[in-house]
Every structure is written in structure tokens, then in C-alpha cells.
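*Asks:* So I've got this file, work_26.txt, and it contains compact mmCIF, C-alpha atoms:
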```
# COMPACT_ATOMS: atom_id res chain seq x y z
CA MET A 1 19.77 -2.23 -2.69
CA ILE A 2 16.03 -2.01 -3.47
CA PHE A 3 16.61 -2.96 -7.09
CA ASN A 4 18.63 -6.04 -6.10
CA TYR A 5 15.97 -7.09 -3.61
CA THR A 6 13.29 -6.80 -6.31
CA MET A 7 15.40 -8.85 -8.71
CA LYS A 8 15.75 -11.53 -6.05
CA ILE A 9 11.97 -11.59 -5.57
CA ASN A 10 11.40 -12.00 -9.31
CA PHE A 11 13.96 -14.80 -9.45
CA LEU A 12 12.13 -16.61 -6.66
CA LEU A 13 8.87 -16.15 -8.54
CA VAL A 14 10.36 -17.85 -11.59
CA LEU A 15 11.42 -20.74 -9.37
CA ALA A 16 7.84 -21.00 -8.16
CA PHE A 17 6.81 -22.13 -11.63
CA THR A 18 9.68 -24.53 -12.16
CA CYS A 19 9.07 -26.47 -8.95
CA CYS A 20 6.19 -28.54 -7.71
CA ILE A 21 3.96 -26.23 -5.67
CA GLN A 22 0.73 -26.99 -3.90
CA ILE A 23 -1.92 -24.58 -5.10
CA VAL A 24 -4.91 -23.58 -2.99
CA TYR A 25 -8.05 -22.55 -4.83
CA GLY A 26 -9.93 -19.54 -3.59
CA GLN A 27 -13.47 -18.23 -3.71
CA ILE A 28 -14.68 -17.14 -7.16
CA SER A 29 -15.87 -13.53 -6.94
CA CYS A 30 -14.80 -10.12 -8.20
CA GLU A 31 -17.84 -8.39 -6.71
CA ALA A 32 -17.63 -6.17 -3.64
CA PRO A 33 -19.44 -3.21 -2.04
CA ASP A 34 -18.54 0.23 -3.35
CA SER A 35 -16.65 0.95 -0.13
CA ILE A 36 -14.27 -1.95 -0.80
CA LYS A 37 -13.84 -0.98 -4.45
CA GLU A 38 -13.00 2.55 -3.35
CA LYS A 39 -10.49 1.14 -0.87
CA TYR A 40 -8.53 -0.48 -3.72
CA ARG A 41 -9.14 2.04 -6.53
CA ASP A 42 -5.84 3.88 -5.97
CA ASP A 43 -4.00 0.54 -5.90
CA ALA A 44 -5.55 -0.46 -9.22
CA ASP A 45 -4.63 2.88 -10.81
CA ARG A 46 -1.06 2.66 -9.53
CA LEU A 47 -0.67 -0.90 -10.82
CA ALA A 48 -2.06 0.19 -14.19
CA LEU A 49 0.43 3.07 -14.44
CA GLU A 50 3.32 0.80 -13.41
CA LYS A 51 2.36 -1.65 -16.16
CA ILE A 52 2.04 1.13 -18.75
CA ASN A 53 5.48 2.52 -17.93
CA ARG A 54 7.15 -0.86 -17.54
CA GLU A 55 5.90 -2.08 -20.92
CA ASN A 56 6.13 1.37 -22.58
CA LEU A 57 2.51 1.19 -23.76
CA THR A 58 0.97 3.90 -25.91
CA TYR A 59 -1.09 5.04 -22.91
CA LYS A 60 2.11 6.41 -21.37
CA ASP A 61 1.43 9.89 -22.79
CA SER A 62 -2.27 9.86 -21.95
CA VAL A 63 -3.42 11.95 -18.99
CA PHE A 64 -6.33 9.60 -18.39
CA ILE A 65 -5.57 6.22 -16.84
CA PRO A 66 -7.12 3.60 -19.17
CA GLN A 67 -10.18 2.20 -17.43
CA VAL A 68 -9.82 -1.24 -18.97
CA ILE A 69 -6.35 -1.77 -17.44
CA SER A 70 -7.24 -0.26 -14.08
CA ASP A 71 -10.45 -2.31 -13.80
CA THR A 72 -8.54 -5.49 -14.60
CA PHE A 73 -6.29 -4.88 -11.63
CA LEU A 74 -9.22 -3.80 -9.46
CA ASN A 75 -11.01 -7.08 -10.17
CA ALA A 76 -7.85 -8.99 -9.26
CA LEU A 77 -7.46 -7.09 -5.99
CA ILE A 78 -11.11 -7.67 -5.11
CA ALA A 79 -10.79 -11.36 -5.94
CA VAL A 80 -7.93 -11.72 -3.45
CA TYR A 81 -9.94 -9.73 -0.90
CA ASN A 82 -12.85 -12.16 -1.35
CA ALA A 83 -10.70 -15.33 -1.18
CA ILE A 84 -11.45 -15.83 2.51
CA ASP A 85 -10.82 -19.58 2.35
CA ILE A 86 -7.12 -19.00 1.62
CA PRO A 87 -5.22 -18.53 4.92
CA GLU A 88 -2.58 -16.32 3.29
CA ARG A 89 -5.33 -13.91 2.22
CA ASP A 90 -5.95 -13.24 5.91
CA THR A 91 -2.27 -12.35 6.33
CA VAL A 92 -2.06 -9.80 3.51
CA ILE A 93 -5.58 -8.35 3.89
CA SER A 94 -6.66 -8.58 7.53
CA MET A 95 -3.35 -8.61 9.35
CA PHE A 96 -1.21 -6.23 7.27
CA ASP A 97 -3.83 -4.47 5.08
CA ILE A 98 -1.27 -4.17 2.27
CA HIS A 99 -1.66 -1.54 -0.46
CA VAL A 100 0.55 -0.27 -3.28
CA PHE A 101 3.20 2.01 -1.80
CA PRO A 102 2.43 5.63 -2.83
CA THR A 103 5.73 6.60 -4.43
CA MET A 104 4.00 9.27 -6.55
CA SER A 105 0.80 11.24 -6.13
CA LEU A 106 -2.15 10.36 -8.34
CA ASP A 107 -3.91 13.69 -7.89
CA GLN A 108 -1.31 16.39 -7.22
CA PHE A 109 1.54 18.08 -9.08
CA LEU A 110 3.45 21.34 -8.84
CA VAL A 111 4.04 24.25 -11.18
CA ALA A 112 6.94 26.69 -10.71
CA ALA A 113 6.91 30.14 -12.32
CA ASP A 114 7.97 33.75 -11.82
CA SER A 115 6.03 35.13 -8.86
CA ASN A 116 5.87 38.56 -10.56
CA LEU A 117 3.59 37.24 -13.33
CA LEU A 118 0.00 38.41 -13.02
CA TRP A 119 -1.42 34.89 -13.17
CA MET A 120 0.94 33.75 -10.42
CA LYS A 121 -0.19 36.67 -8.27
CA ASN A 122 -3.78 35.62 -8.88
CA LEU A 123 -2.99 32.03 -7.91
CA HIS A 124 -1.33 33.35 -4.75
CA GLN A 125 -4.68 34.98 -3.93
CA GLY A 126 -6.61 31.84 -4.86
CA ILE A 127 -8.12 33.43 -7.95
CA ILE A 128 -9.16 31.16 -10.84
CA PRO A 129 -9.37 31.86 -13.75
CA THR A 130 -6.01 33.54 -13.58
CA GLY A 131 -6.12 35.47 -16.86
CA TYR A 132 -3.44 33.26 -18.43
CA HIS A 133 -5.68 31.47 -20.93
CA PRO A 134 -3.51 28.44 -21.79
CA LEU A 135 -3.19 27.62 -18.07
CA ASP A 136 -6.84 28.38 -17.34
CA SER A 137 -7.89 26.06 -20.14
CA LEU A 138 -5.95 23.13 -18.66
CA ILE A 139 -7.30 23.88 -15.19
CA GLU A 140 -10.86 23.73 -16.52
CA ILE A 141 -10.38 20.63 -18.69
CA TYR A 142 -8.89 18.56 -15.87
CA ASP A 143 -11.00 20.07 -13.07
CA LEU A 144 -8.06 21.30 -10.99
CA SER A 145 -7.97 23.39 -7.83
CA ILE A 146 -5.22 25.12 -5.88
CA ASP A 147 -3.94 22.82 -3.15
CA GLU A 148 -1.16 25.08 -1.86
CA TYR A 149 0.86 28.12 -2.88
CA ASP A 150 4.45 27.97 -1.64
CA PRO A 151 6.28 31.31 -1.59
CA GLU A 152 9.22 29.73 0.23
CA TYR A 153 10.48 28.30 -3.03
CA ASN A 154 12.21 31.57 -3.85
CA TRP A 155 14.92 31.02 -6.43
CA PHE A 156 15.19 34.00 -8.79
CA PHE A 157 11.60 34.98 -7.86
CA TYR A 158 10.19 31.54 -8.72
CA HIS A 159 7.32 30.33 -6.52
CA VAL A 160 5.55 26.96 -6.58
CA VAL A 161 1.84 26.23 -6.90
CA TYR A 162 0.50 22.77 -6.02
CA PHE A 163 -2.56 21.78 -8.04
CA LYS A 164 -5.05 19.14 -6.89
CA SER A 165 -7.27 17.10 -9.20
CA SER A 166 -10.72 15.74 -8.39
CA ARG A 167 -9.81 12.30 -9.78
CA ASN A 168 -6.77 10.12 -10.36
CA TYR A 169 -4.66 10.95 -13.41
CA ASN A 170 -1.44 9.89 -15.06
CA ILE A 171 0.22 12.81 -13.28
CA PRO A 172 3.53 12.84 -15.23
CA ALA A 173 1.58 13.25 -18.49
CA LEU A 174 -0.58 15.99 -16.95
CA ALA A 175 2.46 17.82 -15.55
CA ASP A 176 4.06 17.70 -19.02
CA LEU A 177 1.16 19.74 -20.43
CA PHE A 178 1.83 22.51 -17.93
CA ASP A 179 5.59 22.21 -18.38
CA ALA A 180 5.10 23.02 -22.08
CA LEU A 181 3.48 26.40 -21.35
CA PRO A 182 5.85 29.28 -22.24
CA GLU A 183 5.50 31.14 -18.93
CA VAL A 184 5.95 28.05 -16.74
CA HIS A 185 9.48 27.47 -15.48
CA PHE A 186 8.83 23.77 -14.82
CA ALA A 187 6.06 21.40 -13.75
CA GLU A 188 6.45 17.95 -12.24
CA PRO A 189 4.63 15.31 -10.16
CA THR A 190 4.89 15.29 -6.38
CA TYR A 191 6.63 12.26 -4.96
CA GLY A 192 6.64 10.58 -1.58
CA CYS A 193 9.72 9.14 0.03
CA CYS A 194 10.99 5.97 1.42
CA ASP A 195 9.91 2.34 0.99
CA GLY A 196 7.46 0.00 2.63
CA ASN A 197 4.65 -2.50 2.20
CA THR A 198 3.39 -2.74 -1.37
CA ILE A 199 1.71 -4.80 -4.09
CA HIS A 200 3.33 -5.33 -7.48
CA GLU A 201 2.95 -7.37 -10.63
CA PRO A 202 5.71 -9.89 -11.47
CA PHE A 203 7.88 -9.07 -14.48
CA PHE A 204 7.05 -12.23 -16.47
CA GLU A 205 3.28 -11.69 -16.73
CA ASP A 206 3.05 -12.09 -20.52
CA GLU A 207 4.09 -15.72 -20.23
CA LEU A 208 1.30 -16.78 -17.88
CA GLU A 209 -2.46 -17.01 -17.74
CA GLY A 210 -4.28 -14.53 -15.54
CA ILE A 211 -2.72 -11.80 -13.41
CA GLY A 212 -0.08 -12.23 -10.74
CA LEU A 213 -0.01 -10.05 -7.64
CA VAL A 214 2.78 -10.08 -5.09
CA TYR A 215 1.96 -8.64 -1.67
CA PHE A 216 5.08 -7.48 0.16
CA VAL A 217 5.71 -6.58 3.82
CA GLY A 218 8.97 -4.80 4.57
CA TRP A 219 10.75 -4.00 7.80
CA GLY A 220 13.98 -2.46 9.03
CA ASP A 221 14.98 1.05 8.04
CA CYS A 222 12.25 1.45 5.41
CA PRO A 223 12.74 5.24 5.15
CA ALA A 224 16.15 4.40 3.65
CA GLY A 225 15.01 1.22 1.90
CA CYS A 226 13.62 -1.83 3.71
CA THR A 227 16.36 -4.19 4.86
CA GLY A 228 14.08 -7.19 5.18
CA GLY A 229 10.76 -8.41 3.87
CA ARG A 230 8.43 -11.24 3.01
CA SER A 231 6.14 -11.70 -0.01
CA TRP A 232 2.98 -13.65 -0.81
CA TYR A 233 2.27 -14.51 -4.43
CA PHE A 234 -1.27 -14.97 -5.80
CA ARG A 235 -2.55 -15.60 -9.32
CA ILE A 236 -6.00 -14.40 -10.37
CA TYR A 237 -7.78 -15.68 -13.47
CA ASP A 238 -10.49 -14.24 -15.73
CA ASP A 239 -13.25 -16.07 -13.83
CA CYS A 240 -11.92 -14.50 -10.57
CA THR A 241 -10.49 -17.79 -9.33
CA VAL A 242 -7.58 -17.15 -6.97
CA ASP A 243 -4.57 -19.45 -6.57
CA PHE A 244 -2.10 -18.91 -3.79
CA ILE A 245 1.26 -19.93 -5.26
CA GLN A 246 3.77 -19.48 -2.45
CA SER A 247 5.31 -17.13 0.08
CA PHE A 248 9.02 -16.32 0.07
CA GLY A 249 11.60 -14.00 1.55
CA GLN A 250 12.70 -13.67 5.13
CA PRO A 251 10.58 -15.09 7.96
CA LEU A 252 8.43 -12.55 9.74
CA PRO A 253 10.55 -11.39 12.68
CA TYR A 254 7.75 -11.94 15.17
CA THR A 255 6.20 -15.19 13.93
CA ARG A 256 6.16 -17.92 16.53
CA THR A 257 4.65 -21.39 16.60
CA GLU A 258 2.78 -23.15 19.35
CA GLU A 259 5.29 -25.60 20.80
CA ASN A 260 2.82 -27.63 22.82
CA PRO A 261 -0.41 -28.07 20.87
CA LYS A 262 -1.86 -30.30 23.61
CA VAL A 263 -2.34 -27.25 25.82
CA SER A 264 -5.30 -25.15 24.69
CA VAL A 265 -5.03 -21.41 25.29
CA LYS A 266 -7.88 -19.08 24.44
CA ILE A 267 -8.18 -15.31 24.52
CA TRP A 268 -11.33 -13.19 24.67
CA PRO A 269 -12.92 -10.83 23.83
CA ASN A 270 -11.50 -10.35 20.36
CA PRO A 271 -12.08 -7.67 19.12
CA PHE A 272 -11.29 -6.05 22.48
CA ASN A 273 -11.46 -2.61 24.02
CA ASP A 274 -9.47 -2.26 27.27
CA PHE A 275 -8.67 -5.80 28.41
CA ILE A 276 -8.03 -9.35 27.18
CA GLU A 277 -8.75 -12.46 29.23
CA VAL A 278 -6.45 -15.47 28.82
CA ASP A 279 -7.71 -18.97 29.60
CA GLY A 280 -5.64 -22.14 29.68
CA ILE A 281 -2.49 -20.93 31.47
CA GLN A 282 -2.43 -21.40 35.23
CA GLU A 283 1.03 -20.05 36.02
CA SER A 284 2.38 -16.56 35.40
CA PHE A 285 3.28 -15.65 31.82
CA GLN A 286 5.06 -12.97 29.86
CA TYR A 287 3.26 -11.18 27.05
CA SER A 288 3.96 -8.59 24.41
CA ILE A 289 1.81 -6.78 21.85
CA LEU A 290 3.35 -5.92 18.49
CA ASN A 291 2.16 -3.86 15.56
CA SER A 292 2.10 -5.12 11.96
CA TYR A 293 5.78 -4.17 11.50
CA GLY A 294 6.88 -6.34 14.41
CA GLN A 295 7.55 -3.38 16.70
CA GLN A 296 6.86 -4.10 20.36
CA LEU A 297 4.33 -1.66 21.80
CA ILE A 298 3.45 -3.20 25.15
CA LYS A 299 5.06 -5.92 27.26
CA GLY A 300 4.59 -7.28 30.72
CA LYS A 301 4.42 -10.22 33.12
CA PHE A 302 1.13 -11.30 34.57
CA SER A 303 0.30 -13.82 37.27
CA GLY A 304 -3.46 -13.82 36.72
CA LYS A 305 -5.36 -14.55 33.56
CA GLY A 306 -6.01 -11.10 32.11
CA ILE A 307 -4.14 -8.33 30.32
CA MET A 308 -5.53 -5.01 31.42
CA HIS A 309 -5.33 -1.26 30.65
CA LEU A 310 -5.29 -1.64 26.86
CA ASP A 311 -7.54 1.36 26.28
CA ILE A 312 -4.42 3.44 25.50
CA MET A 313 -3.94 1.52 22.22
CA ASN A 314 -5.19 2.90 18.92
CA PRO A 315 -7.81 0.86 17.02
CA GLY A 316 -6.22 -1.61 14.62
CA ILE A 317 -4.83 -5.11 14.14
CA TYR A 318 -1.99 -6.34 16.38
CA LEU A 319 -0.20 -9.52 17.40
CA LEU A 320 -0.26 -10.80 20.97
CA THR A 321 2.54 -13.18 21.95
CA ILE A 322 2.38 -15.18 25.15
CA GLN A 323 5.25 -17.16 26.66
CA SER A 324 4.92 -19.45 29.65
CA ASN A 325 7.77 -21.83 30.44
CA HIS A 326 8.18 -23.78 27.17
CA LEU A 327 4.86 -22.67 25.68
CA HIS A 328 4.76 -20.03 22.96
CA TYR A 329 1.56 -18.67 21.45
CA THR A 330 0.76 -15.96 18.93
CA PHE A 331 -2.70 -14.49 18.42
CA LYS A 332 -3.99 -11.90 16.01
CA ILE A 333 -6.00 -9.37 18.03
CA ILE A 334 -8.18 -6.45 16.96
CA LYS A 335 -8.53 -3.27 19.02
CA VAL A 336 -11.83 -1.37 18.58
```
Before anything else, please render the file you have as C-alpha cells.

*Replies:*
Amino acid sequence: MIFNYTMKINFLLVLAFTCCIQIVYGQISCEAPDSIKEKYRDDADRLALEKINRENLTYKDSVFIPQVISDTFLNALIAVYNAIDIPERDTVISMFDIHVFPTMSLDQFLVAADSNLLWMKNLHQGIIPTGYHPLDSLIEIYDLSIDEYDPEYNWFFYHVVYFKSSRNYNIPALADLFDALPEVHFAEPTYGCCDGNTIHEPFFEDELEGIGLVYFVGWGDCPAGCTGGRSWYFRIYDDCTVDFIQSFGQPLPYTRTEENPKVSVKIWPNPFNDFIEVDGIQESFQYSILNSYGQQLIKGKFSGKGIMHLDIMNPGIYLLTIQSNHLHYTFKIIKV
């Protein structure tokens, strides 16, 4: 089901370039504070590894993620982050804060071996070096530490050790080095589960100038594979210019439009702490607060102008919907 949904997305992307589409030009900048670069470093590394595996590049067997590919994606991600004059940027960055879904760890893998081996006993006690020189050499080269020792994996006396790296690596290639050691039963990356919001590169990149990034929001039973979703497609060029191409997929399940633009409704403060005032509606109204997945967290009916007792909410970005007679409003709100 996930594969078919991805194929449908790619088909729609192809259509985007065969139809007449209005393009919006964004701010030109790939510069950002270190904190923002750090925020998107994992995304850039994941996109680089996906490209390497998808195109079967020679880097596939390299433990180190090639900096030139990762930095190219990082610049593209930063360019979208900086494109504040594109409304859709606000949706994917501020509202949903979309990142590449972590299907595989970038800094952890596991090694399974006979628990009766001396070096496994040493690892169980947290002792490094272990005395098994081929393993100790790899641990030193790649600056690894013991993340967890799992004695519950007890199949013919095999236990599992989880190693943690101090930086991002091409973990499958690193695990292969340990898997090749004679006394190791097997070694493999650690994987997450499920599905969810992500960023990916379209499949037809070689045919186009610049880099394409598709930001995806999924909903439904995402632990089993998202049943619905919407995507926003951007292209980023060498000079850091950003074009928004188009959005596609299913409508957001909680998106509403203002049906009577002549009536002005304002909310404040925003960001808020424990209450929100609503100006412009005289009669009673119904309201609901939803998270970024469209799940309703709070609802109520109010005859005054304020929404109170919001201190129970966690800090973050939410959507406030207000309905009064035939009037429908949606506001992005930020809890601090």
C-alpha cells in the first residue's frame, strides 16, 4: 500500500511538469545559524543515503556519508526553511515541522554473538577494549560506545550488544564490517517502525535542474502505513532560489475556509499560555483545538469572547477552529 501511494505521488509530480503551473519564487539564501543546520543535519544525511542506495552509487559500501552529497541536501533544506515569502513554506516548516521519517538509525547498530565468549562478557560489564582485537580496532576507528547490552536475546546462548556512534554513519556498511568478524553471529542496523511525515526526493531528479524536495504529511493508521496524506513540492537551485511547484494528495482533514470574509475575527495573544481572547464574534461559538495530525484535543462552546484553561496543553503548534452560525475560521496558534 505504501509503495503504491509513493508511485501515485511520483506520477503526480511528473504531471506537475507537463501542465501549466504558477511558480512562486522564494528568498535566496542557504545560510542559517548552526542550531538550524543541526536541526536538519540528520535529514540531509538520510536523504543522501536514500539517493546513494536508490541510484546504487559507489558510496553505497562506504561507512562515511559523503559530505558533498549531504551538504547539497542540507543547503536545499535550509533554502526552503529560509523561503519565508512562500506561504507553503509556513505549512511544512512552522505548522508541521516536517523531517525525514527515521526508518533506520544513523548512529546505532547491533551485534549478536555467543555470550560465553570472553569479549562478550567484557562488553556485558561495559569493558572496552574487550580483548578481541579485530572488534576493538573497529570500535576505536569509528569511535563507538556501548549503548545497551541485551541478555534477553537468548537463542543458543547468543546475546545482543547495541553500539552507539558519536556521529552519523552509513550504518548498513558499518554493520557489515562487524558481521564479517569470525566470532560475530550477525550484525545489522537498528530500524524503527511504522510510517509518517517525511521528506523525499522525486525519482526523476536527473532530468531536471536543481534539487526537488517533497514534504509529506500523513494521517490515519500510520503505524500500519498512513492511509491518507498530502504533499508539497519545492525545487531548489544552485543559487538557493526556491520555487514552490504545487501541492497534491488528499485535502488536509481539518482545513476549513472562512465563509464570510466580511466579518473580521481576531485572536490574541498568539503565542499564548493559558488563554486566548476572541474578538469579532458577539454570539456564542463552538471551538476545537487540533494537533498537526488533525486529532481533536480540546473542544467546547463558549458564550463570551475567550477560551480559557489552556495551560494543560504542551508547548507546540496547533490549529484553532471556530464555528459560529455560518462562519468558519481556522487559526494557527502557538502554545508556549

*Asks:* Pull the closest atom pair for each residue of stretch 33-61 of chain A that gets at most 10 Å from stretch 97-103 of chain A, along with the distance in Å to one decimal, counting only C-alpha atoms, ordering rows by chain and then ascending residue number, as a tab-separated table.

*Replies:*
```
residue	atom	partner	partner_atom	distance
A:Lys39	CA	A:His99	CA	9.2
A:Tyr40	CA	A:His99	CA	7.7
A:Asp42	CA	A:Val100	CA	8.1
A:Asp43	CA	A:Val100	CA	5.3
A:Ala44	CA	A:Val100	CA	8.5
A:Asp45	CA	A:Val100	CA	9.7
A:Arg46	CA	A:Val100	CA	7.1
A:Leu47	CA	A:Val100	CA	7.7
```

*Asks:* How far is it from atom CA of A:Trp232 to atom CA of A:Phe244, in Å with one decimal?

*Replies:* 7.9 Å

*Asks:* Which one is closest to A:Ile78: A:Asp238, A:Glu31, A:Asp136, A:Glu283? Count only C-alpha atoms.

*Replies:*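 For A:Ile78, the nearest of the candidates is A:Glu31.
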
*Asks:* Tell me which residues come within 8 Å of (-12.3, -13.1, -12.1), as a PyMOL selection string, counting all atoms listed in the file in the file's coordinates.

*Replies:* chain A and resi 28-30+75-76+79+236-241

*Asks:* I need the residue nearest A:Val278 from this list: A:Met308, A:Ala175, A:Ala224, A:Ile298. Use all atoms listed in the file for the distance.

*Replies:*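 Nearest to A:Val278: A:Met308.
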
*Asks:* Skip A:Asn168 itself and residues of its chain fewer than 3 positions away, then list as number ranges by chain all residues within 12 Å of it, counting all atoms listed in the file.

*Replies:* A: 41-46, 48-49, 63-67, 70, 104-109, 142-144, 164-165, 171-172, 174

*Asks:* Check the smallest atom-to-atom distance from each of A:Val68, A:Met95, A:Val161, A:Ile199 to A:Asn291 using all atoms listed in the file, then report the winner.

*Replies:*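 Ranking A:Val68, A:Met95, A:Val161, A:Ile199 by distance to A:Asn291, first place goes to A:Met95.
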
*Asks:* Would you mind reading off the distance between atom CA of A:Pro271 and atom CA of A:Tyr318, one decimal, in Å?

*Replies:* 10.5 Å
